[in-house]
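Dumped coords12.txt below, it's compact mmCIF, C-alpha atoms:
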# COMPACT_ATOMS: atom_id res chain seq x y z
CA MET A 1 138.80 52.98 26.99
CA ASP A 2 141.23 50.10 27.52
CA ILE A 3 139.68 48.40 30.55
CA LEU A 4 137.60 45.34 29.81
CA THR A 5 134.30 46.21 31.43
CA THR A 6 133.11 42.65 31.96
CA THR A 7 134.84 39.91 33.87
CA PRO A 8 135.41 36.89 31.57
CA LYS A 9 134.81 33.31 32.63
CA ARG A 10 138.49 32.68 33.24
CA LEU A 11 138.49 35.12 36.16
CA LEU A 12 135.04 34.49 37.61
CA LEU A 13 136.25 31.80 39.97
CA CYS A 14 139.01 33.87 41.49
CA ALA A 15 136.38 35.50 43.69
CA ALA A 16 135.06 32.08 44.68
CA ALA A 17 138.51 30.82 45.61
CA LEU A 18 139.34 33.98 47.47
CA ALA A 19 136.08 33.68 49.37
CA PHE A 20 137.91 31.06 51.44
CA ALA A 21 139.57 34.06 53.06
CA GLY A 22 136.33 34.79 54.91
CA ALA A 23 136.00 38.10 56.70
CA ALA A 24 138.65 40.68 55.90
CA LEU A 25 141.60 40.76 58.27
CA PRO A 26 144.05 43.61 58.83
CA GLN A 27 146.67 43.79 56.10
CA GLN A 28 150.27 43.27 57.15
CA ALA A 29 152.59 45.99 55.90
CA ASN A 30 155.35 44.70 53.66
CA ALA A 31 158.19 47.10 54.28
CA ALA A 32 160.71 44.95 52.42
CA ASN A 33 159.15 45.71 49.04
CA SER A 34 157.35 49.00 49.63
CA ALA A 35 157.92 51.79 47.18
CA THR A 36 159.22 54.89 48.93
CA ASP A 37 157.02 57.94 49.28
CA GLU A 38 159.62 59.99 47.45
CA SER A 39 159.87 57.78 44.34
CA CYS A 40 156.18 57.01 43.80
CA ARG A 41 154.24 59.99 45.16
CA PHE A 42 153.00 62.40 42.49
CA GLU A 43 150.64 65.35 42.35
CA GLN A 44 147.56 63.42 41.20
CA LEU A 45 148.28 59.92 42.51
CA SER A 46 150.55 57.78 44.62
CA ILE A 47 151.70 54.21 43.92
CA THR A 48 152.18 51.93 46.92
CA THR A 49 153.09 48.32 47.68
CA ASP A 50 152.31 48.15 51.39
CA PHE A 51 150.55 44.76 51.22
CA ASP A 52 151.67 41.15 50.90
CA MET A 53 152.68 40.31 47.30
CA GLY A 54 153.09 44.04 46.58
CA ARG A 55 156.13 44.61 44.37
CA LEU A 56 157.70 47.20 42.10
CA ASP A 57 161.20 48.63 41.87
CA GLY A 58 160.85 52.28 40.97
CA CYS A 59 158.40 54.77 39.44
CA GLU A 60 158.66 57.83 37.26
CA LYS A 61 156.22 60.18 35.59
CA THR A 62 156.70 60.31 31.81
CA GLY A 63 153.74 62.46 30.71
CA GLU A 64 150.73 64.36 32.00
CA HIS A 65 148.90 61.10 32.78
CA ALA A 66 151.62 58.54 32.06
CA TYR A 67 153.89 56.62 34.42
CA ARG A 68 156.70 54.13 34.05
CA ILE A 69 157.06 51.26 36.55
CA HIS A 70 160.35 49.38 36.84
CA LEU A 71 160.48 45.67 37.68
CA LYS A 72 163.70 44.08 38.91
CA PRO A 73 164.34 40.59 40.34
CA GLU A 74 165.24 39.99 43.95
CA ASN A 75 168.62 38.61 42.86
CA GLU A 76 170.29 36.93 39.89
CA PRO A 77 170.63 34.52 38.17
CA ILE A 78 166.89 33.87 38.07
CA ASN A 79 164.23 32.25 35.92
CA PRO A 80 162.51 35.37 34.52
CA SER A 81 159.03 35.75 35.99
CA PRO A 82 158.67 39.53 36.31
CA TRP A 83 156.10 40.00 39.08
CA TYR A 84 154.30 43.21 39.93
CA ALA A 85 151.48 44.22 42.23
CA PHE A 86 150.75 47.75 43.39
CA ARG A 87 147.95 50.03 44.51
CA VAL A 88 147.22 53.31 42.75
CA GLU A 89 145.80 55.95 45.11
CA PRO A 90 144.32 58.91 43.20
CA THR A 91 144.13 62.27 44.96
CA ALA A 92 141.08 64.54 45.05
CA ASP A 93 142.70 66.60 42.27
CA LEU A 94 142.30 63.85 39.65
CA LYS A 95 139.42 64.26 37.21
CA PRO A 96 136.65 61.60 37.34
CA ASN A 97 137.26 58.64 35.00
CA GLN A 98 140.65 60.01 34.06
CA GLU A 99 142.55 57.65 31.73
CA VAL A 100 146.03 57.00 33.07
CA TRP A 101 148.74 55.07 31.22
CA PHE A 102 151.27 52.73 32.77
CA THR A 103 154.31 51.18 31.14
CA LEU A 104 155.94 48.29 33.00
CA VAL A 105 159.61 47.80 32.22
CA SER A 106 161.16 44.46 33.15
CA HIS A 107 164.89 44.53 33.71
CA ASN A 108 165.26 40.76 33.34
CA GLY A 109 163.33 39.02 30.58
CA PRO A 110 160.02 39.78 28.85
CA ALA A 111 156.75 40.40 30.65
CA ARG A 112 155.02 37.14 31.62
CA TYR A 113 151.93 38.05 33.63
CA GLN A 114 149.06 39.92 31.97
CA PRO A 115 147.71 42.90 33.96
CA LYS A 116 144.54 42.66 36.03
CA ILE A 117 142.72 45.22 38.16
CA SER A 118 140.67 45.12 41.34
CA PHE A 119 139.16 47.57 43.80
CA ASP A 120 139.08 45.07 46.68
CA LYS A 121 141.80 42.44 45.93
CA HIS A 122 139.07 39.79 45.58
CA ARG A 123 137.28 40.47 42.29
CA TRP A 124 139.62 40.91 39.34
CA ALA A 125 139.22 41.90 35.68
CA PRO A 126 141.84 41.75 32.92
CA VAL A 127 143.11 44.84 31.14
CA LYS A 128 143.91 45.20 27.45
CA PHE A 129 147.64 45.65 26.98
CA ALA A 130 150.41 45.84 24.42
CA THR A 131 153.92 44.43 24.70
CA ASN A 132 157.21 45.39 23.11
CA ASP A 133 160.15 43.22 24.18
CA ASN A 134 160.52 43.85 27.90
CA ARG A 135 157.77 46.51 28.09
CA MET A 136 154.07 46.17 28.74
CA SER A 137 151.72 49.15 28.35
CA PHE A 138 148.07 49.62 29.32
CA SER A 139 145.67 52.25 30.56
CA VAL A 140 143.12 52.36 33.37
CA ASN A 141 140.39 54.83 34.22
CA LEU A 142 140.68 56.23 37.73
CA LYS A 143 138.30 58.02 40.03
CA PRO A 144 139.35 60.58 42.64
CA GLU A 145 140.19 59.04 46.01
CA ARG A 146 139.24 55.51 44.92
CA PRO A 147 142.29 53.21 45.17
CA LEU A 148 142.84 50.61 42.46
CA TYR A 149 144.99 47.45 42.65
CA ILE A 150 146.99 46.39 39.60
CA ALA A 151 148.75 43.00 39.54
CA GLY A 152 150.04 40.35 37.20
CA GLN A 153 147.72 37.73 38.73
CA GLU A 154 145.04 37.61 41.40
CA ILE A 155 146.36 38.13 44.94
CA ILE A 156 146.47 34.87 46.90
CA ASP A 157 148.43 35.70 50.02
CA GLU A 158 148.98 34.18 53.45
CA GLU A 159 145.61 35.45 54.66
CA VAL A 160 143.79 33.47 51.97
CA TYR A 161 145.62 30.27 52.86
CA ARG A 162 145.12 30.78 56.59
CA ASN A 163 141.38 31.18 56.24
CA TRP A 164 141.07 28.34 53.75
CA LEU A 165 142.93 25.91 56.01
CA THR A 166 140.80 26.82 59.02
CA SER A 167 137.65 26.30 56.92
CA LEU A 168 138.52 22.58 56.62
CA PRO A 169 137.32 20.06 59.26
CA GLN A 170 138.94 20.56 62.67
CA ASN A 171 138.90 17.77 65.26
CA ASP A 172 141.22 15.39 67.11
CA ASN A 173 142.47 13.85 63.85
CA GLN A 174 142.22 16.85 61.50
CA GLU A 175 143.95 20.09 62.32
CA VAL A 176 145.90 23.10 61.17
CA PHE A 177 149.38 23.28 62.67
CA THR A 178 152.68 25.02 62.10
CA LEU A 179 155.20 22.83 60.32
CA GLY A 180 158.00 25.26 61.20
CA LEU A 181 159.14 28.84 60.64
CA SER A 182 160.62 30.43 57.56
CA THR A 183 163.86 32.39 57.50
CA GLU A 184 161.93 35.55 58.39
CA GLN A 185 159.98 33.69 61.09
CA ARG A 186 156.71 33.35 59.18
CA PRO A 187 154.78 30.16 59.94
CA LEU A 188 154.59 27.33 57.43
CA ARG A 189 150.93 26.56 57.99
CA ALA A 190 149.95 22.97 57.27
CA TYR A 191 146.86 20.79 57.51
CA GLN A 192 147.04 17.23 58.76
CA HIS A 193 144.43 14.52 58.32
CA TYR A 194 145.47 11.58 60.46
CA ALA A 195 143.69 8.36 59.51
CA GLY A 196 145.67 6.21 61.92
CA GLU A 197 149.01 4.79 62.98
CA GLY A 198 150.93 2.87 60.38
CA LYS A 199 148.94 4.24 57.43
CA PRO A 200 150.79 5.76 54.46
CA TRP A 201 151.09 9.49 53.78
CA PHE A 202 149.87 11.45 50.79
CA VAL A 203 151.69 14.82 50.73
CA MET A 204 150.75 17.99 48.83
CA ILE A 205 152.85 21.16 48.71
CA GLY A 206 152.50 24.42 46.81
CA ARG A 207 153.79 27.90 46.16
CA GLN A 208 157.50 27.22 46.18
CA HIS A 209 157.63 29.99 43.55
CA PRO A 210 155.76 33.14 44.69
CA PRO A 211 154.01 34.40 41.50
CA GLU A 212 152.59 31.01 40.51
CA VAL A 213 148.98 31.82 41.38
CA THR A 214 147.19 29.48 38.97
CA GLY A 215 148.90 26.57 40.72
CA ALA A 216 147.56 28.01 43.98
CA PHE A 217 144.01 27.96 42.60
CA ALA A 218 144.50 24.32 41.60
CA PHE A 219 145.84 23.44 45.06
CA ILE A 220 142.84 25.00 46.83
CA HIS A 221 140.31 23.24 44.59
CA PHE A 222 142.23 19.95 44.75
CA GLY A 223 142.71 20.08 48.52
CA THR A 224 139.08 20.99 49.15
CA THR A 225 137.96 18.02 47.05
CA VAL A 226 140.30 15.65 48.88
CA MET A 227 139.08 16.73 52.29
CA LEU A 228 135.37 17.34 51.62
CA GLY A 229 134.56 15.16 48.61
CA LYS A 230 131.79 12.63 49.28
CA SER A 231 132.44 10.11 46.49
CA ASP A 232 133.31 6.56 47.53
CA GLU A 233 136.94 6.83 46.46
CA LEU A 234 137.52 10.10 48.32
CA VAL A 235 135.91 8.79 51.51
CA ALA A 236 138.06 5.66 51.23
CA LEU A 237 141.18 7.76 50.62
CA ARG A 238 140.61 9.62 53.90
CA GLU A 239 140.06 6.31 55.69
CA GLN A 240 143.19 4.61 54.37
CA PHE A 241 145.70 7.47 54.00
CA ASN A 242 147.17 10.09 56.24
CA ILE A 243 147.25 13.41 54.41
CA LEU A 244 149.53 16.44 54.74
CA MET A 245 148.90 19.72 52.89
CA VAL A 246 151.39 22.61 52.95
CA PRO A 247 149.97 25.14 50.46
CA LEU A 248 152.44 27.97 51.09
CA MET A 249 155.99 26.64 51.20
CA ASN A 250 157.65 30.02 50.54
CA PRO A 251 155.80 32.54 52.74
CA ASP A 252 158.70 35.02 52.76
CA GLY A 253 158.94 35.12 48.97
CA VAL A 254 155.18 35.53 48.61
CA ALA A 255 155.00 38.33 51.19
CA ARG A 256 157.88 40.16 49.51
CA GLY A 257 156.43 39.79 46.02
CA ASN A 258 159.54 37.95 44.86
CA TRP A 259 159.78 36.70 41.30
CA ARG A 260 160.92 33.20 42.23
CA HIS A 261 163.15 32.90 45.29
CA THR A 262 163.05 32.82 49.08
CA SER A 263 164.09 35.79 51.20
CA THR A 264 167.66 34.44 51.07
CA GLY A 265 167.68 34.39 47.27
CA VAL A 266 167.32 30.62 46.84
CA ASP A 267 165.05 28.79 44.40
CA LEU A 268 163.29 26.51 46.88
CA ASN A 269 162.53 23.94 44.19
CA ARG A 270 166.25 23.51 43.63
CA ASP A 271 167.04 23.01 47.33
CA TRP A 272 165.74 19.47 47.86
CA ARG A 273 169.17 17.93 47.32
CA ASN A 274 171.05 20.29 49.63
CA LEU A 275 168.21 20.97 52.11
CA ALA A 276 169.87 24.26 53.02
CA GLU A 277 166.71 26.32 53.54
CA PRO A 278 164.56 26.07 56.70
CA GLU A 279 161.39 25.65 54.63
CA SER A 280 162.63 22.48 52.92
CA GLN A 281 164.26 21.28 56.15
CA HIS A 282 160.96 21.41 58.05
CA LEU A 283 159.08 19.29 55.51
CA HIS A 284 162.00 16.85 55.23
CA ALA A 285 162.06 16.44 59.02
CA PHE A 286 158.31 15.78 59.12
CA MET A 287 158.49 13.06 56.47
CA GLN A 288 161.58 11.49 58.00
CA GLU A 289 159.78 11.31 61.33
CA LYS A 290 156.80 9.57 59.75
CA GLU A 291 159.01 7.09 57.91
CA ALA A 292 160.85 6.30 61.16
CA ALA A 293 157.47 5.61 62.78
CA GLY A 294 156.60 3.06 60.09
CA GLU A 295 154.25 5.38 58.17
CA GLU A 296 155.65 5.42 54.65
CA VAL A 297 155.55 8.49 52.46
CA PHE A 298 153.53 7.00 49.61
CA PHE A 299 153.02 9.76 47.04
CA ALA A 300 153.34 13.54 46.67
CA LEU A 301 152.14 16.42 44.49
CA ASP A 302 153.89 19.76 44.04
CA PHE A 303 151.71 22.53 42.53
CA HIS A 304 153.24 25.14 40.19
CA SER A 305 152.42 27.41 37.25
CA THR A 306 154.06 27.78 33.86
CA HIS A 307 153.07 28.82 30.35
CA TYR A 308 150.72 25.85 29.81
CA ASN A 309 149.20 22.88 31.63
CA ILE A 310 151.63 19.99 32.04
CA TYR A 311 152.53 17.23 34.50
CA TYR A 312 156.24 16.70 35.10
CA THR A 313 156.81 13.14 36.25
CA MET A 314 159.54 10.67 37.05
CA PRO A 315 160.08 7.96 34.40
CA ALA A 316 158.26 4.73 35.26
CA ASP A 317 161.53 2.80 34.87
CA TYR A 318 163.67 5.19 36.93
CA LYS A 319 166.41 3.44 38.90
CA LEU A 320 167.93 4.65 42.14
CA ALA A 321 171.67 4.69 42.73
CA ASP A 322 171.46 1.24 44.30
CA GLY A 323 169.64 -0.18 41.29
CA ARG A 324 166.16 -0.29 42.84
CA GLY A 325 163.17 0.94 40.91
CA LEU A 326 160.38 3.13 42.25
CA GLU A 327 157.54 1.52 44.15
CA HIS A 328 154.35 1.12 42.10
CA PRO A 329 156.08 2.20 38.87
CA GLN A 330 152.84 2.48 36.86
CA LEU A 331 150.95 4.57 39.43
CA VAL A 332 151.35 7.92 37.68
CA LYS A 333 150.72 6.48 34.20
CA ASN A 334 147.51 4.93 35.49
CA TRP A 335 146.38 8.15 37.17
CA LEU A 336 146.99 10.41 34.18
CA ALA A 337 145.25 7.95 31.87
CA GLU A 338 142.18 8.05 34.13
CA LEU A 339 142.33 11.84 34.33
CA SER A 340 142.55 12.09 30.54
CA GLU A 341 139.30 10.13 30.28
CA ALA A 342 137.59 12.33 32.86
CA ILE A 343 138.26 15.82 31.45
CA ALA A 344 137.81 17.47 28.08
CA TRP A 345 141.31 18.96 27.91
CA GLU A 346 144.55 17.33 26.87
CA VAL A 347 146.65 15.83 29.65
CA LYS A 348 150.30 16.46 28.83
CA GLU A 349 152.98 14.48 30.64
CA LYS A 350 156.73 15.02 30.49
CA PRO A 351 158.81 12.39 32.28
CA GLY A 352 162.34 13.32 33.23
CA HIS A 353 165.00 12.99 35.88
CA ASN A 354 168.16 14.70 36.99
CA PRO A 355 169.65 13.58 40.32
CA GLU A 356 171.59 16.85 40.60
CA SER A 357 168.60 19.14 40.03
CA GLY A 358 167.33 19.47 43.59
CA VAL A 359 163.67 19.51 42.56
CA PHE A 360 161.01 18.05 44.83
CA LYS A 361 159.91 15.16 42.61
CA GLN A 362 163.52 14.01 42.28
CA TYR A 363 163.93 14.21 46.05
CA MET A 364 160.84 12.04 46.52
CA ALA A 365 162.22 9.42 44.16
CA ASP A 366 165.75 9.32 45.54
CA THR A 367 164.80 9.58 49.24
CA TYR A 368 161.66 7.44 49.42
CA ALA A 369 161.67 5.44 46.14
CA ARG A 370 158.24 6.92 45.46
CA HIS A 371 156.64 8.78 42.61
CA SER A 372 155.83 12.47 42.82
CA VAL A 373 154.32 14.76 40.21
CA THR A 374 154.90 18.44 39.53
CA TYR A 375 151.36 19.63 38.76
CA GLU A 376 151.80 22.67 36.50
CA VAL A 377 148.96 25.01 35.52
CA GLY A 378 149.11 27.51 32.66
CA ASP A 379 149.40 31.19 33.58
CA THR A 380 146.32 32.05 31.48
CA THR A 381 144.37 28.81 31.89
CA ASP A 382 140.63 29.44 32.23
CA ARG A 383 139.80 29.51 35.93
CA ARG A 384 136.82 27.19 35.43
CA GLU A 385 139.09 24.71 33.70
CA ILE A 386 141.51 24.88 36.64
CA GLN A 387 138.70 23.97 39.02
CA THR A 388 137.19 21.20 36.89
CA THR A 389 140.58 19.63 36.29
CA ALA A 390 141.57 19.81 39.96
CA VAL A 391 138.33 18.20 41.12
CA GLU A 392 138.66 15.34 38.64
CA ALA A 393 142.39 15.03 39.34
CA ALA A 394 141.64 14.56 43.04
CA ARG A 395 138.92 11.99 42.40
CA THR A 396 140.91 9.91 39.90
CA LEU A 397 144.10 10.09 41.96
CA ALA A 398 142.21 8.89 45.04
CA GLN A 399 141.14 5.75 43.22
CA THR A 400 144.61 5.24 41.75
CA LEU A 401 146.28 5.55 45.15
CA LEU A 402 143.81 3.11 46.68
CA ASN A 403 144.42 0.61 43.87
CA ALA A 404 148.19 0.89 44.33
CA LYS A 405 148.05 0.61 48.12
CA ASN A 406 145.81 -2.43 48.05
CA SER A 407 147.60 -4.24 45.24
CA ALA A 408 150.21 -6.92 45.70
CA PRO A 409 153.80 -5.59 46.10
CA GLN A 410 155.41 -4.89 42.72

For the structure just supplied, provide its representation as structure tokens.
Amino acid sequence: MDILTTTPKRLLLCAAALAFAGAALPQQANAANSATDESCRFEQLSITTDFDMGRLDGCEKTGEHAYRIHLKPENEPINPSPWYAFRVEPTADLKPNQEVWFTLVSHNGPARYQPKISFDKHRWAPVKFATNDNRMSFSVNLKPERPLYIAGQEIIDEEVYRNWLTSLPQNDNQEVFTLGLSTEQRPLRAYQHYAGEGKPWFVMIGRQHPPEVTGAFAFIHFGTTVMLGKSDELVALREQFNILMVPLMNPDGVARGNWRHTSTGVDLNRDWRNLAEPESQHLHAFMQEKEAAGEEVFFALDFHSTHYNIYYTMPADYKLADGRGLEHPQLVKNWLAELSEAIAWEVKEKPGHNPESGVFKQYMADTYARHSVTYEVGDTTDRREIQTTAVEAARTLAQTLLNAKNSAPQ
């Protein structure tokens, strides 16, 4: 038996975060990445991807109860992040508790995401697995006519974000709105907290890269703390700052189950220099409008996932092309020092800059002379640690932003 029968602590909170989705809504078919009936329909089971984030690129039967799944990127070149998510639908002919083996073959780079299973897409458990170069093998026990989801990470799709955003306060100054439409005409849902005219903006974005689910968990916990936290510094943050949250910047890529890119094959976090994609254009237009109205863009966070927890920052002494430095140069150093004191885990920072890179934090520096941080969460980071860190990160950043805003010009 290769299924872990108990859900470890690191996955317990996925159900809590997904609970933001509220009541189940109809699932939108994802024809762009659906496996065909012909390629993935077998005598004892079928394999389907007709849900958002569903993705595979071919199936074949290799033994009596063994199947090979092929994983290919949406286009190349690409940063290898082989994503997969599919539903196994056993027929009535399958024996109860039949062990079935799957081998995932990545056609671009080694496997990155460890397999997890779920019967409802909300509660997930990890599966024991073995890897060999670009192959990952594992088994699951199936029951007749009981579908099972298998994915590299928990499913956090547009439905989860939509329900989470609408669970936040809604009134004349706090609302969910559509920032714009993606290439495939999906809405970029955003949440705006408007503290008042002339007040600075704190901006948070996420999910530029579709499979980066641990960063999505961090965003939800962080954003919830910012908007609902009752500590003095969080209340004061909401009084003195306008806030914009755009948790799903790449809705097309997420719906398609892409490894990294938009529906047009572009890495969105390399587009902030060219601003060629509608998703980046919409956020740019929003911030430009606020700057023109005298409401400065003060600070931004961009949530991602990678192999470990790290904060990518701009150097404190970074100089713009005209020789100016960034406003409040010590802001990020001060924040991360406070966060390091507040949590039990190491806070790793990596400053760096590359004006040609097109990443969001570089765009923030060169366009607004402001700091921005790429908040990266490890793929396998304990889900409780993600929550604890996000809550403390929100609290300590609130105080740091208030200190910077209310300090004398630097």

Close residues, stretch 323-335 of chain A itself excluded, 12 Å, only C-alpha atoms, min 2 positions apart in chain, as JSON, numbers by chain:
{"A": [296, 297, 298, 299, 300, 301, 311, 312, 313, 314, 315, 316, 317, 318, 319, 320, 321, 337, 338, 339, 340, 341, 342, 347, 348, 349, 350, 351, 362, 364, 365, 366, 367, 368, 369, 370, 371, 372, 373, 374, 375, 392, 393, 394, 395, 396, 397, 398, 399, 400, 401, 402, 403, 404, 405, 406, 407, 408, 409, 410]}

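The gap separating atom CA of A:Asp57 from atom CA of A:Leu188 is 27.2 Å, in Å to one decimal.
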
Spatial neighbours of A:Ala390, max dist 9 Å, all atoms listed in the file, sep filter under 4 positions, as a PDB file with C-alpha atoms, in the coordinates of the input:
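For reference, part.pdb as written:
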ATOM      1  CA  PHE A 217     144.010  27.960  42.600  1.00  0.00           C
ATOM      2  CA  ALA A 218     144.500  24.320  41.600  1.00  0.00           C
ATOM      3  CA  PHE A 219     145.840  23.440  45.060  1.00  0.00           C
ATOM      4  CA  ILE A 220     142.840  25.000  46.830  1.00  0.00           C
ATOM      5  CA  HIS A 221     140.310  23.240  44.590  1.00  0.00           C
ATOM      6  CA  PHE A 222     142.230  19.950  44.750  1.00  0.00           C
ATOM      7  CA  GLY A 223     142.710  20.080  48.520  1.00  0.00           C
ATOM      8  CA  THR A 225     137.960  18.020  47.050  1.00  0.00           C
ATOM      9  CA  GLU A 385     139.090  24.710  33.700  1.00  0.00           C
ATOM     10  CA  ILE A 386     141.510  24.880  36.640  1.00  0.00           C
ATOM     11  CA  ALA A 394     141.640  14.560  43.040  1.00  0.00           C
ATOM     12  CA  ARG A 395     138.920  11.990  42.400  1.00  0.00           C
TER      13      ARG A 395
END

Residues near A:Val359, anyone? I mean within 10 Å using all atoms listed in the file, not counting same-chain ones fewer than 6 positions away, as a list in words.
Asp267, Leu268, Asn269, Arg270, Asp271, Trp272, Arg273, Asp302, His353 and Thr374 of chain A

Could you name the residues that touch stretch 132-141 of chain A at 12 Å or less, counting all atoms listed in the file, but leaving out those on the same chain fewer than 3 positions away, as a PyMOL selection string?
chain A and resi 1-5+65-72+80-82+84+88+90+94-118+125-129+144+146-150+152

Nearest candidate to A:Gln153 (options A:Gly229, A:Gly63, A:Gly378, A:Gly196; using all atoms listed in the file):
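Closest candidate: A:Gly378.
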
Could you give me, as a list in words, the residues within 8 Å of A:Asn258, counting all atoms listed in the file and dropping anything in the same chain fewer than 4 positions from it?
Met53, Arg55, Pro73, Glu74, Trp83, Pro210, Pro211, Gly253, Val254 and Thr262 of chain A

Anything within 10 Å of (141.5, 4.5, 55.5): list those residues as an MDAnalysis selection string, counting all atoms listed in the file and sticking to the file's coordinates.
chainID A and resid 194:196 199:200 234:242 402

I'd like to know which of A:Ala92, A:Ser182, A:Arg189, A:Arg207 is closest to A:Thr166, using only C-alpha atoms.
A:Arg189

Put a box with edges along x, y and z around all the listed atoms of stretch 150-159 of chain A, pad it by 4 Å on each side, then give me its centre and sizes in Å, one decimal, as JSON.
{"center_x": 147.5, "center_y": 40.3, "center_z": 45.9, "size_x": 13.0, "size_y": 20.2, "size_z": 25.5}

Atom pair atom CA of A:Ala216 / atom CA of A:Pro247: separation (Å)
7.5 Å

What's the separation between atom CA of A:Gln192 and atom CA of A:Thr224, in Å to one decimal place?
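Between atom CA of A:Gln192 and atom CA of A:Thr224 the gap is 13.0 Å.
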
Tell me which of A:Lys143, A:Gly198, A:Pro187, A:Ile78 sits closest to A:His261, counting all atoms listed in the file.
A:Ile78

For A:Leu181, which residue out of A:His282, A:Arg260, A:His209, A:His304 is the nearest one, using only C-alpha atoms?
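For A:Leu181, the nearest of the candidates is A:His282.
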
Please produce stretch 349-367 of chain A, completed to N, CA and C atoms, as a PDB file, keeping the file's coordinate frame.
ATOM      1  N   GLU A 349     152.002  14.988  29.674  1.00  0.00           N
ATOM      2  CA  GLU A 349     152.980  14.480  30.640  1.00  0.00           C
ATOM      3  C   GLU A 349     154.367  14.603  30.067  1.00  0.00           C
ATOM      4  N   LYS A 350     155.328  14.975  30.908  1.00  0.00           N
ATOM      5  CA  LYS A 350     156.730  15.020  30.490  1.00  0.00           C
ATOM      6  C   LYS A 350     157.579  14.343  31.542  1.00  0.00           C
ATOM      7  N   PRO A 351     157.921  13.065  31.328  1.00  0.00           N
ATOM      8  CA  PRO A 351     158.810  12.390  32.280  1.00  0.00           C
ATOM      9  C   PRO A 351     160.240  12.919  32.155  1.00  0.00           C
ATOM     10  N   GLY A 352     160.953  12.908  33.261  1.00  0.00           N
ATOM     11  CA  GLY A 352     162.340  13.320  33.230  1.00  0.00           C
ATOM     12  C   GLY A 352     162.978  13.166  34.598  1.00  0.00           C
ATOM     13  N   HIS A 353     164.293  13.093  34.602  1.00  0.00           N
ATOM     14  CA  HIS A 353     165.000  12.990  35.880  1.00  0.00           C
ATOM     15  C   HIS A 353     166.366  13.621  35.766  1.00  0.00           C
ATOM     16  N   ASN A 354     166.829  14.126  36.889  1.00  0.00           N
ATOM     17  CA  ASN A 354     168.160  14.700  36.990  1.00  0.00           C
ATOM     18  C   ASN A 354     168.542  14.697  38.470  1.00  0.00           C
ATOM     19  N   PRO A 355     169.318  13.705  38.893  1.00  0.00           N
ATOM     20  CA  PRO A 355     169.650  13.580  40.320  1.00  0.00           C
ATOM     21  C   PRO A 355     170.325  14.798  40.919  1.00  0.00           C
ATOM     22  N   GLU A 356     170.903  15.664  40.089  1.00  0.00           N
ATOM     23  CA  GLU A 356     171.590  16.850  40.600  1.00  0.00           C
ATOM     24  C   GLU A 356     170.680  18.065  40.678  1.00  0.00           C
ATOM     25  N   SER A 357     169.444  17.960  40.217  1.00  0.00           N
ATOM     26  CA  SER A 357     168.600  19.140  40.030  1.00  0.00           C
ATOM     27  C   SER A 357     168.109  19.762  41.327  1.00  0.00           C
ATOM     28  N   GLY A 358     167.850  18.946  42.342  1.00  0.00           N
ATOM     29  CA  GLY A 358     167.330  19.470  43.590  1.00  0.00           C
ATOM     30  C   GLY A 358     165.853  19.783  43.577  1.00  0.00           C
ATOM     31  N   VAL A 359     165.101  19.266  42.592  1.00  0.00           N
ATOM     32  CA  VAL A 359     163.670  19.510  42.560  1.00  0.00           C
ATOM     33  C   VAL A 359     162.951  18.497  43.440  1.00  0.00           C
ATOM     34  N   PHE A 360     161.731  18.849  43.840  1.00  0.00           N
ATOM     35  CA  PHE A 360     161.010  18.050  44.830  1.00  0.00           C
ATOM     36  C   PHE A 360     160.699  16.645  44.334  1.00  0.00           C
ATOM     37  N   LYS A 361     160.276  16.493  43.086  1.00  0.00           N
ATOM     38  CA  LYS A 361     159.910  15.160  42.610  1.00  0.00           C
ATOM     39  C   LYS A 361     161.128  14.241  42.560  1.00  0.00           C
ATOM     40  N   GLN A 362     162.290  14.801  42.270  1.00  0.00           N
ATOM     41  CA  GLN A 362     163.520  14.010  42.280  1.00  0.00           C
ATOM     42  C   GLN A 362     163.872  13.590  43.702  1.00  0.00           C
ATOM     43  N   TYR A 363     163.712  14.513  44.634  1.00  0.00           N
ATOM     44  CA  TYR A 363     163.930  14.210  46.050  1.00  0.00           C
ATOM     45  C   TYR A 363     163.037  13.074  46.515  1.00  0.00           C
ATOM     46  N   MET A 364     161.762  13.097  46.130  1.00  0.00           N
ATOM     47  CA  MET A 364     160.840  12.040  46.520  1.00  0.00           C
ATOM     48  C   MET A 364     161.295  10.687  45.993  1.00  0.00           C
ATOM     49  N   ALA A 365     161.768  10.673  44.749  1.00  0.00           N
ATOM     50  CA  ALA A 365     162.220   9.420  44.160  1.00  0.00           C
ATOM     51  C   ALA A 365     163.480   8.908  44.847  1.00  0.00           C
ATOM     52  N   ASP A 366     164.465   9.772  45.021  1.00  0.00           N
ATOM     53  CA  ASP A 366     165.750   9.320  45.540  1.00  0.00           C
ATOM     54  C   ASP A 366     165.732   9.063  47.051  1.00  0.00           C
ATOM     55  N   THR A 367     164.835   9.732  47.779  1.00  0.00           N
ATOM     56  CA  THR A 367     164.800   9.580  49.240  1.00  0.00           C
ATOM     57  C   THR A 367     163.842   8.490  49.681  1.00  0.00           C
TER      58      THR A 367
END
